[in-house]
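One file, entry-v8.tsv, carrying TSV, C-alpha atoms:
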```tsv
chain	number	residue	atom	x	y	z
A	185	MET	CA	0.00	0.00	0.00
A	186	ASN	CA	1.27	3.48	-0.86
A	187	LYS	CA	2.07	5.05	2.50
A	188	LYS	CA	2.02	8.56	0.99
A	189	ARG	CA	-1.54	8.29	-0.24
A	190	PRO	CA	-3.62	11.34	0.65
A	191	VAL	CA	-5.61	10.86	3.85
A	192	ASN	CA	-8.25	13.42	4.64
A	193	LEU	CA	-9.52	12.43	8.04
A	194	ASP	CA	-8.14	15.54	9.73
A	195	ILE	CA	-11.28	16.54	11.60
A	196	GLY	CA	-9.88	20.07	11.95
A	197	THR	CA	-10.44	20.61	8.21
A	198	ILE	CA	-13.85	18.97	7.90
A	199	GLN	CA	-17.13	20.70	8.63
A	200	LEU	CA	-18.76	18.51	11.25
A	201	PRO	CA	-22.45	17.56	11.40
A	202	ILE	CA	-24.44	17.73	14.66
A	203	THR	CA	-23.99	13.96	15.14
A	204	SER	CA	-20.22	14.47	15.35
A	205	TYR	CA	-20.57	17.07	18.10
A	206	VAL	CA	-22.89	14.76	20.06
A	207	SER	CA	-20.34	11.94	19.68
A	208	ILE	CA	-17.32	14.07	20.62
A	209	LEU	CA	-19.16	15.45	23.67
A	210	HIS	CA	-19.99	11.86	24.67
A	211	ARG	CA	-16.25	11.14	24.72
A	212	VAL	CA	-15.33	14.39	26.47
A	213	SER	CA	-17.99	13.85	29.15
A	214	GLY	CA	-16.72	10.28	29.61
A	215	VAL	CA	-13.16	11.48	30.24
A	216	VAL	CA	-14.50	14.14	32.65
A	217	LEU	CA	-16.48	11.44	34.49
A	218	PHE	CA	-13.31	9.35	34.89
A	219	ALA	CA	-11.88	12.23	36.95
A	220	ALA	CA	-15.25	12.77	38.71
A	221	ILE	CA	-15.13	9.17	40.02
A	222	ALA	CA	-12.44	10.33	42.47
A	223	VAL	CA	-14.78	13.05	43.80
A	224	PHE	CA	-17.71	10.61	43.94
A	225	LEU	CA	-15.69	7.99	45.88
A	226	TRP	CA	-14.36	10.63	48.27
A	227	VAL	CA	-17.93	11.80	49.02
A	228	LEU	CA	-19.24	8.22	49.30
A	229	ASP	CA	-16.36	7.22	51.59
A	230	ALA	CA	-16.89	10.22	53.90
A	231	SER	CA	-20.70	9.83	53.86
A	232	LEU	CA	-20.43	6.26	55.16
A	233	ALA	CA	-17.33	6.42	57.41
A	234	SER	CA	-18.89	8.14	60.45
A	235	GLU	CA	-21.65	10.53	61.52
A	236	GLU	CA	-19.08	13.34	61.84
A	237	SER	CA	-17.75	12.90	58.29
A	238	PHE	CA	-21.35	12.52	56.98
A	239	ASN	CA	-22.26	15.88	58.51
A	240	ALA	CA	-18.99	17.42	57.26
A	241	ILE	CA	-19.93	16.36	53.70
A	242	LYS	CA	-23.41	17.84	54.15
A	243	GLU	CA	-21.82	21.12	55.25
A	244	CYS	CA	-19.31	21.05	52.37
A	245	ILE	CA	-22.17	20.59	49.89
A	246	GLY	CA	-23.43	23.97	51.10
A	247	SER	CA	-20.34	25.79	49.81
A	248	THR	CA	-20.32	27.29	46.30
A	249	PHE	CA	-17.05	25.58	45.35
A	250	CYS	CA	-18.41	22.11	46.18
A	251	GLN	CA	-21.70	22.92	44.46
A	252	LEU	CA	-19.91	23.90	41.24
A	253	ILE	CA	-17.90	20.65	41.22
A	254	ILE	CA	-21.02	18.58	41.95
A	255	TRP	CA	-23.05	20.36	39.27
A	256	ALA	CA	-20.26	19.96	36.68
A	257	SER	CA	-20.01	16.25	37.53
A	258	LEU	CA	-23.80	15.82	37.35
A	259	ALA	CA	-23.84	17.70	34.02
A	260	ALA	CA	-21.22	15.34	32.56
A	261	LEU	CA	-23.16	12.36	33.96
A	262	ALA	CA	-26.50	13.57	32.58
A	263	TYR	CA	-25.06	14.22	29.12
A	264	HIS	CA	-23.12	10.93	29.04
A	265	MET	CA	-26.21	8.93	30.11
A	266	VAL	CA	-28.49	10.56	27.54
A	267	ALA	CA	-25.94	10.05	24.73
A	268	GLY	CA	-25.48	6.44	25.93
A	269	ILE	CA	-29.22	5.75	25.92
A	270	ARG	CA	-29.29	7.14	22.35
A	271	HIS	CA	-26.69	4.49	21.45
A	272	LEU	CA	-28.82	1.75	23.03
A	273	VAL	CA	-31.90	2.96	21.14
A	274	MET	CA	-29.91	2.91	17.88
A	275	ASP	CA	-28.61	-0.60	18.71
A	276	PHE	CA	-32.27	-1.69	18.56
A	277	GLY	CA	-32.44	-0.29	15.02
A	278	VAL	CA	-34.30	2.92	15.86
A	279	GLY	CA	-33.07	6.19	14.31
A	280	GLU	CA	-30.31	4.65	12.21
A	281	THR	CA	-31.00	6.60	9.01
A	282	LEU	CA	-29.16	9.84	8.22
A	283	GLU	CA	-32.19	11.92	9.17
A	284	GLY	CA	-32.98	9.69	12.15
A	285	GLY	CA	-29.43	10.11	13.41
A	286	ARG	CA	-29.65	13.89	13.14
A	287	LEU	CA	-33.03	13.98	14.87
A	288	GLY	CA	-31.75	11.67	17.64
A	289	ALA	CA	-28.72	13.92	18.13
A	290	LYS	CA	-30.97	16.98	18.49
A	291	ILE	CA	-33.29	15.18	20.92
A	292	ALA	CA	-30.27	14.02	22.98
A	293	LEU	CA	-28.91	17.58	23.19
A	294	ILE	CA	-32.29	18.98	24.27
A	295	VAL	CA	-32.95	16.25	26.87
A	296	ALA	CA	-29.41	16.61	28.26
A	297	ALA	CA	-29.79	20.40	28.48
A	298	VAL	CA	-33.05	20.03	30.41
A	299	LEU	CA	-31.47	17.49	32.82
A	300	ILE	CA	-28.41	19.73	33.34
A	301	VAL	CA	-30.68	22.67	34.24
A	302	LEU	CA	-32.69	20.42	36.61
A	303	ALA	CA	-29.42	19.22	38.21
A	304	GLY	CA	-28.55	22.89	38.81
A	305	VAL	CA	-31.95	23.47	40.41
A	306	TRP	CA	-31.38	20.40	42.64
A	307	VAL	CA	-27.90	21.58	43.69
A	308	TRP	CA	-28.84	25.21	44.36
A	309	ALA	CA	-32.49	25.06	45.42
B	1281	MET	CA	0.96	-1.92	16.38
B	1282	GLY	CA	-2.32	-3.77	15.89
B	1283	MET	CA	-1.15	-6.37	18.39
B	1284	ILE	CA	-0.28	-3.72	21.00
B	1285	THR	CA	-3.66	-2.07	20.45
B	1286	ASN	CA	-5.47	-5.37	20.94
B	1287	VAL	CA	-3.55	-6.57	23.98
B	1288	THR	CA	-4.57	-3.52	26.07
B	1289	SER	CA	-8.29	-3.79	25.27
B	1290	PHE	CA	-10.48	-5.10	28.07
B	1291	GLY	CA	-12.06	-8.18	26.52
B	1292	ARG	CA	-9.45	-8.76	23.76
B	1293	SER	CA	-12.35	-8.69	21.30
B	1294	GLY	CA	-14.43	-5.89	19.82
B	1295	LEU	CA	-17.70	-7.79	20.23
B	1296	SER	CA	-16.95	-8.62	23.86
B	1297	ASP	CA	-16.09	-4.96	24.60
B	1298	TRP	CA	-19.21	-3.81	22.72
B	1299	LEU	CA	-21.54	-6.01	24.82
B	1300	LEU	CA	-19.75	-5.26	28.12
B	1301	GLN	CA	-19.88	-1.50	27.44
B	1302	ARG	CA	-23.67	-1.71	27.08
B	1303	SER	CA	-24.43	-4.11	29.95
B	1304	THR	CA	-22.24	-2.13	32.38
B	1305	ALA	CA	-23.99	1.07	31.21
B	1306	VAL	CA	-27.39	-0.42	32.11
B	1307	VAL	CA	-26.16	-1.39	35.62
B	1308	MET	CA	-24.76	2.11	36.23
B	1309	ALA	CA	-27.94	3.73	34.89
B	1310	LEU	CA	-30.02	1.66	37.35
B	1311	TYR	CA	-27.76	2.83	40.21
B	1312	VAL	CA	-27.92	6.49	39.15
B	1313	VAL	CA	-31.72	6.49	38.71
B	1314	PHE	CA	-32.30	4.68	42.03
B	1315	VAL	CA	-29.91	6.84	44.10
B	1316	THR	CA	-31.19	10.05	42.45
B	1317	PHE	CA	-34.82	9.25	43.30
B	1318	TYR	CA	-33.84	8.07	46.79
B	1319	LEU	CA	-32.02	11.35	47.52
B	1320	LEU	CA	-34.88	13.39	46.00
B	1321	ALA	CA	-37.39	11.48	48.16
B	1322	ASN	CA	-35.25	11.98	51.31
B	1323	PRO	CA	-34.06	15.61	51.31
B	1324	ASP	CA	-33.37	15.50	55.09
B	1325	LEU	CA	-31.36	12.28	54.93
B	1326	ASP	CA	-29.38	11.52	58.08
B	1327	TYR	CA	-26.37	9.27	58.68
B	1328	SER	CA	-28.18	6.30	60.26
B	1329	GLN	CA	-30.69	6.13	57.41
B	1330	TRP	CA	-27.95	6.37	54.75
B	1331	LEU	CA	-25.88	3.71	56.54
B	1332	ALA	CA	-28.92	1.42	56.86
B	1333	LEU	CA	-29.63	1.71	53.12
B	1334	ASN	CA	-26.03	0.89	52.14
B	1335	SER	CA	-25.82	-1.97	54.68
B	1336	HIS	CA	-28.82	-3.72	53.12
B	1337	ILE	CA	-27.68	-6.77	51.14
B	1338	CYS	CA	-29.62	-5.71	48.01
B	1339	MET	CA	-27.92	-2.30	48.05
B	1340	LYS	CA	-24.54	-3.94	48.70
B	1341	VAL	CA	-25.02	-6.12	45.62
B	1342	LEU	CA	-26.06	-3.09	43.53
B	1343	ASN	CA	-23.08	-1.11	44.89
B	1344	VAL	CA	-20.57	-3.86	44.02
B	1345	LEU	CA	-22.09	-4.44	40.56
B	1346	THR	CA	-21.96	-0.67	39.92
B	1347	VAL	CA	-18.34	-0.39	41.06
B	1348	LEU	CA	-17.31	-3.31	38.83
B	1349	SER	CA	-19.28	-1.77	35.96
B	1350	ILE	CA	-17.53	1.58	36.38
B	1351	ALA	CA	-14.12	-0.10	36.16
B	1352	ILE	CA	-14.94	-2.17	33.06
B	1353	HIS	CA	-16.79	0.71	31.33
B	1354	ALA	CA	-13.97	3.19	32.00
B	1355	TRP	CA	-11.31	0.76	30.76
B	1356	ILE	CA	-13.18	0.08	27.49
B	1357	GLY	CA	-14.15	3.74	26.95
B	1358	LEU	CA	-10.72	5.21	27.61
B	1359	TRP	CA	-9.11	2.48	25.49
B	1360	ALA	CA	-11.33	3.60	22.58
B	1361	VAL	CA	-10.44	7.26	23.09
B	1362	LEU	CA	-6.68	6.62	23.43
B	1363	THR	CA	-6.44	4.26	20.44
B	1364	ASP	CA	-8.35	6.82	18.31
B	1365	TYR	CA	-6.37	9.95	19.17
B	1366	VAL	CA	-2.93	8.96	20.49
B	1367	THR	CA	-1.93	7.47	17.14
B	1368	VAL	CA	1.12	7.52	14.88
B	1369	ARG	CA	-0.94	9.24	12.16
B	1370	LEU	CA	-1.88	12.14	14.47
B	1371	LEU	CA	1.22	12.42	16.69
B	1372	GLY	CA	4.05	10.69	14.82
B	1373	PRO	CA	6.27	7.75	15.84
B	1374	LYS	CA	6.36	8.67	19.53
B	1375	ALA	CA	2.60	7.99	19.72
B	1376	THR	CA	2.89	4.25	20.38
B	1377	PRO	CA	5.05	4.45	23.54
B	1378	LEU	CA	3.01	7.48	24.65
B	1379	ARG	CA	-0.25	5.58	24.20
B	1380	ILE	CA	1.05	2.54	26.09
B	1381	PHE	CA	2.09	4.90	28.91
B	1382	PHE	CA	-1.38	6.49	29.05
B	1383	GLN	CA	-3.13	3.12	28.79
B	1384	LEU	CA	-1.15	1.58	31.63
B	1385	GLY	CA	-1.73	4.77	33.66
B	1386	MET	CA	-5.47	4.60	32.93
B	1387	ILE	CA	-5.58	0.91	33.90
B	1388	THR	CA	-3.67	1.63	37.14
B	1389	ILE	CA	-6.05	4.46	38.13
B	1390	THR	CA	-9.04	2.24	37.26
B	1391	LEU	CA	-7.74	-0.55	39.52
B	1392	VAL	CA	-7.05	1.93	42.35
B	1393	TYR	CA	-10.64	3.23	42.01
B	1394	LEU	CA	-11.95	-0.33	42.01
B	1395	ILE	CA	-10.09	-1.41	45.17
B	1396	TRP	CA	-10.96	1.84	46.98
B	1397	ALA	CA	-14.63	1.54	45.98
B	1398	LEU	CA	-14.90	-2.14	46.97
B	1399	ASP	CA	-13.35	-1.26	50.33
B	1400	ILE	CA	-15.99	1.47	50.84
B	1401	VAL	CA	-19.10	-0.46	49.78
B	1402	TRP	CA	-18.24	-3.95	51.09
B	1403	GLY	CA	-16.64	-2.89	54.37
B	1404	ILE	CA	-19.87	-1.48	55.82
```
For the file at hand, write its structure as structure tokens.
Amino acid sequence: MNKKRPVNLDIGTIQLPITSYVSILHRVSGVVLFAAIAVFLWVLDASLASEESFNAIKECIGSTFCQLIIWASLAALAYHMVAGIRHLVMDFGVGETLEGGRLGAKIALIVAAVLIVLAGVWVWA
Amino acid sequence: MGMITNVTSFGRSGLSDWLLQRSTAVVMALYVVFVTFYLLANPDLDYSQWLALNSHICMKVLNVLTVLSIAIHAWIGLWAVLTDYVTVRLLGPKATPLRIFFQLGMITITLVYLIWALDIVWGI
């Protein structure tokens, strides 16, 4: 095979459809969640270790810094779950056409946005 | 290079990874939906109630299944990301050792998470 053959898969030079953005965000949110696992385990550990550490976590959740981290983690989780459910739906053969894929991507973005707003309401209300 | 790519995948087979990625996702989704509704239903949750829930054998089983699912799902997902972007075509010849470094790092962190998490949820 000619190793110098032209390859144009440089995504920086290609105009991306909405499905690409939904897919890339699925990956980005997954990588973010990998880091968020450390936060989740720290909170879970403290919440179960003793009554003192449980109350300390409750108090920490009242601070803006903690709330921002929790909301960002919940946002990544909400988006990743919605995009994942879209994959499962497509695995069952629903929305596999070009138009179906685009519509599914739009629905996923809207549902994720609603859940992210609701997560914010939960954290701050 | 193909061999190195394959040997760091979780199930050593695309079909195995594909099925595991989906089944682990369903387990984690069940956990997230249950815990979310539980916390919404109990806004004034106290320590004894939270401890009682997580000491229940059904919750312990769900906790352990979720923790195992996180580890498998993260391994497969990050493998896919690393083998797509840390490549010789995108980064040049240094990409292969760099990718192996990141993959072994990712696997190490995943195992640390797993052991820590099992210690939390099974030690109650």
Please identify every residue of chain A that has at least one atom no farther than 7 Å from an atom of chain B, counting all atoms listed in the file, and for each give the shortest atom pair and the distance in Å to one decimal, arranged by chain then increasing number, as a tab-separated table.
```
residue	atom	partner	partner_atom	distance
A:Phe218	CA	B:Ala1354	CA	6.8
A:Leu225	CA	B:Ala1397	CA	6.5
A:Asp229	CA	B:Ile1400	CA	5.8
A:Leu232	CA	B:Leu1331	CA	6.2
A:Glu235	CA	B:Tyr1327	CA	5.7
A:Phe238	CA	B:Tyr1327	CA	6.2
```
**Study point:** Option closest in space to Asp275 of chain A, from B:Leu1362, B:Leu1299, B:Thr1376, B:Asn1286 [counting all atoms listed in the file]
**Key:**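 Smallest separation from Asp275 of chain A among the options: B:Leu1299.
Here atom CA of Tyr263 of chain A is placed at a distance of 12.4 Å from atom CA of Leu302 of chain A.
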Practice item. Pull the neighbourhood of (-24.5, 19.6, 38.5) for me: all residues within 7 Å in file coordinates, counting only C-alpha atoms, as a list in words. Key: Leu252, Ile254, Trp255, Ala256, Ser257, Leu258, Ala259, Ile300, Ala303, Gly304 and Val307 of chain A
Practice item. Quick one: pull the distance between atom CA of Val298 of chain A and atom CA of Ser1303 of chain B, Å, one decimal. Key: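 We find that atom CA of Val298 of chain A and atom CA of Ser1303 of chain B lie 25.6 Å from each other.
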**Study point:** Nearby residues (only C-alpha atoms) at most 12 Å from segment 267-273 of chain A, same-chain spacing under 6 positions excluded, as a ChimeraX atom specification
**Key:** /A:203-214,260-261,279-280,284-297 /B:1298-1299,1301-1306,1308-1309,1353,1357
Check your understanding: Skipping near chain neighbours, those fewer than 3 positions away, what residues fall within 7 Å of Thr1346 of chain B using all atoms listed in the file, listed as a ChimeraX atom specification?
Key -> /B:1307-1308,1311,1342-1343,1349-1350
Practice item. Work out how far apart atom CA of Ala230 of chain A and atom CA of Ile245 of chain A are and give it in Å to one decimal. Key: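 About the pair atom CA of Ala230 of chain A and atom CA of Ile245 of chain A: they are 12.3 Å apart.
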Would you give the centre and edge lengths, in Å to one decimal, of a box along x, y and z around the listed atoms of segment 247-250 of chain A, with 3 Å added to each side, as lines of an AutoDock Vina configuration file?
```
center_x = -18.7
center_y = 24.7
center_z = 47.6
size_x = 9.3
size_y = 11.2
size_z = 10.5
```
Generate the missing atoms of segment 281-297 of chain A up to N, CA and C atoms and report them as a PDB file, in the frame of the given file.
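Produced file result23.pdb, reproduced below:
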```
ATOM      1  N   THR A 281     -31.158   5.913  10.305  1.00  0.00           N
ATOM      2  CA  THR A 281     -31.000   6.600   9.010  1.00  0.00           C
ATOM      3  C   THR A 281     -30.270   7.912   9.227  1.00  0.00           C
ATOM      4  N   LEU A 282     -29.853   8.550   8.124  1.00  0.00           N
ATOM      5  CA  LEU A 282     -29.160   9.840   8.220  1.00  0.00           C
ATOM      6  C   LEU A 282     -30.025  10.859   8.958  1.00  0.00           C
ATOM      7  N   GLU A 283     -31.293  10.955   8.530  1.00  0.00           N
ATOM      8  CA  GLU A 283     -32.190  11.920   9.170  1.00  0.00           C
ATOM      9  C   GLU A 283     -32.511  11.522  10.600  1.00  0.00           C
ATOM     10  N   GLY A 284     -32.707  10.197  10.807  1.00  0.00           N
ATOM     11  CA  GLY A 284     -32.980   9.690  12.150  1.00  0.00           C
ATOM     12  C   GLY A 284     -31.827   9.981  13.104  1.00  0.00           C
ATOM     13  N   GLY A 285     -30.610   9.824  12.603  1.00  0.00           N
ATOM     14  CA  GLY A 285     -29.430  10.110  13.410  1.00  0.00           C
ATOM     15  C   GLY A 285     -29.356  11.570  13.802  1.00  0.00           C
ATOM     16  N   ARG A 286     -29.670  12.441  12.849  1.00  0.00           N
ATOM     17  CA  ARG A 286     -29.650  13.890  13.140  1.00  0.00           C
ATOM     18  C   ARG A 286     -30.727  14.271  14.147  1.00  0.00           C
ATOM     19  N   LEU A 287     -31.926  13.679  13.954  1.00  0.00           N
ATOM     20  CA  LEU A 287     -33.030  13.980  14.870  1.00  0.00           C
ATOM     21  C   LEU A 287     -32.688  13.470  16.276  1.00  0.00           C
ATOM     22  N   GLY A 288     -32.137  12.246  16.348  1.00  0.00           N
ATOM     23  CA  GLY A 288     -31.750  11.670  17.640  1.00  0.00           C
ATOM     24  C   GLY A 288     -30.714  12.535  18.334  1.00  0.00           C
ATOM     25  N   ALA A 289     -29.762  13.053  17.558  1.00  0.00           N
ATOM     26  CA  ALA A 289     -28.720  13.920  18.130  1.00  0.00           C
ATOM     27  C   ALA A 289     -29.341  15.181  18.720  1.00  0.00           C
ATOM     28  N   LYS A 290     -30.299  15.768  17.992  1.00  0.00           N
ATOM     29  CA  LYS A 290     -30.970  16.980  18.490  1.00  0.00           C
ATOM     30  C   LYS A 290     -31.761  16.688  19.758  1.00  0.00           C
ATOM     31  N   ILE A 291     -32.501  15.562  19.738  1.00  0.00           N
ATOM     32  CA  ILE A 291     -33.290  15.180  20.920  1.00  0.00           C
ATOM     33  C   ILE A 291     -32.362  14.977  22.118  1.00  0.00           C
ATOM     34  N   ALA A 292     -31.224  14.284  21.885  1.00  0.00           N
ATOM     35  CA  ALA A 292     -30.270  14.020  22.980  1.00  0.00           C
ATOM     36  C   ALA A 292     -29.758  15.328  23.564  1.00  0.00           C
ATOM     37  N   LEU A 293     -29.423  16.291  22.702  1.00  0.00           N
ATOM     38  CA  LEU A 293     -28.910  17.580  23.190  1.00  0.00           C
ATOM     39  C   LEU A 293     -29.956  18.306  24.025  1.00  0.00           C
ATOM     40  N   ILE A 294     -31.219  18.272  23.557  1.00  0.00           N
ATOM     41  CA  ILE A 294     -32.290  18.980  24.270  1.00  0.00           C
ATOM     42  C   ILE A 294     -32.566  18.313  25.627  1.00  0.00           C
ATOM     43  N   VAL A 295     -32.678  16.973  25.617  1.00  0.00           N
ATOM     44  CA  VAL A 295     -32.950  16.250  26.870  1.00  0.00           C
ATOM     45  C   VAL A 295     -31.813  16.469  27.866  1.00  0.00           C
ATOM     46  N   ALA A 296     -30.565  16.400  27.374  1.00  0.00           N
ATOM     47  CA  ALA A 296     -29.410  16.610  28.260  1.00  0.00           C
ATOM     48  C   ALA A 296     -29.427  18.017  28.837  1.00  0.00           C
ATOM     49  N   ALA A 297     -29.753  19.012  28.005  1.00  0.00           N
ATOM     50  CA  ALA A 297     -29.790  20.400  28.480  1.00  0.00           C
ATOM     51  C   ALA A 297     -30.829  20.563  29.585  1.00  0.00           C
TER      52      ALA A 297
END
```
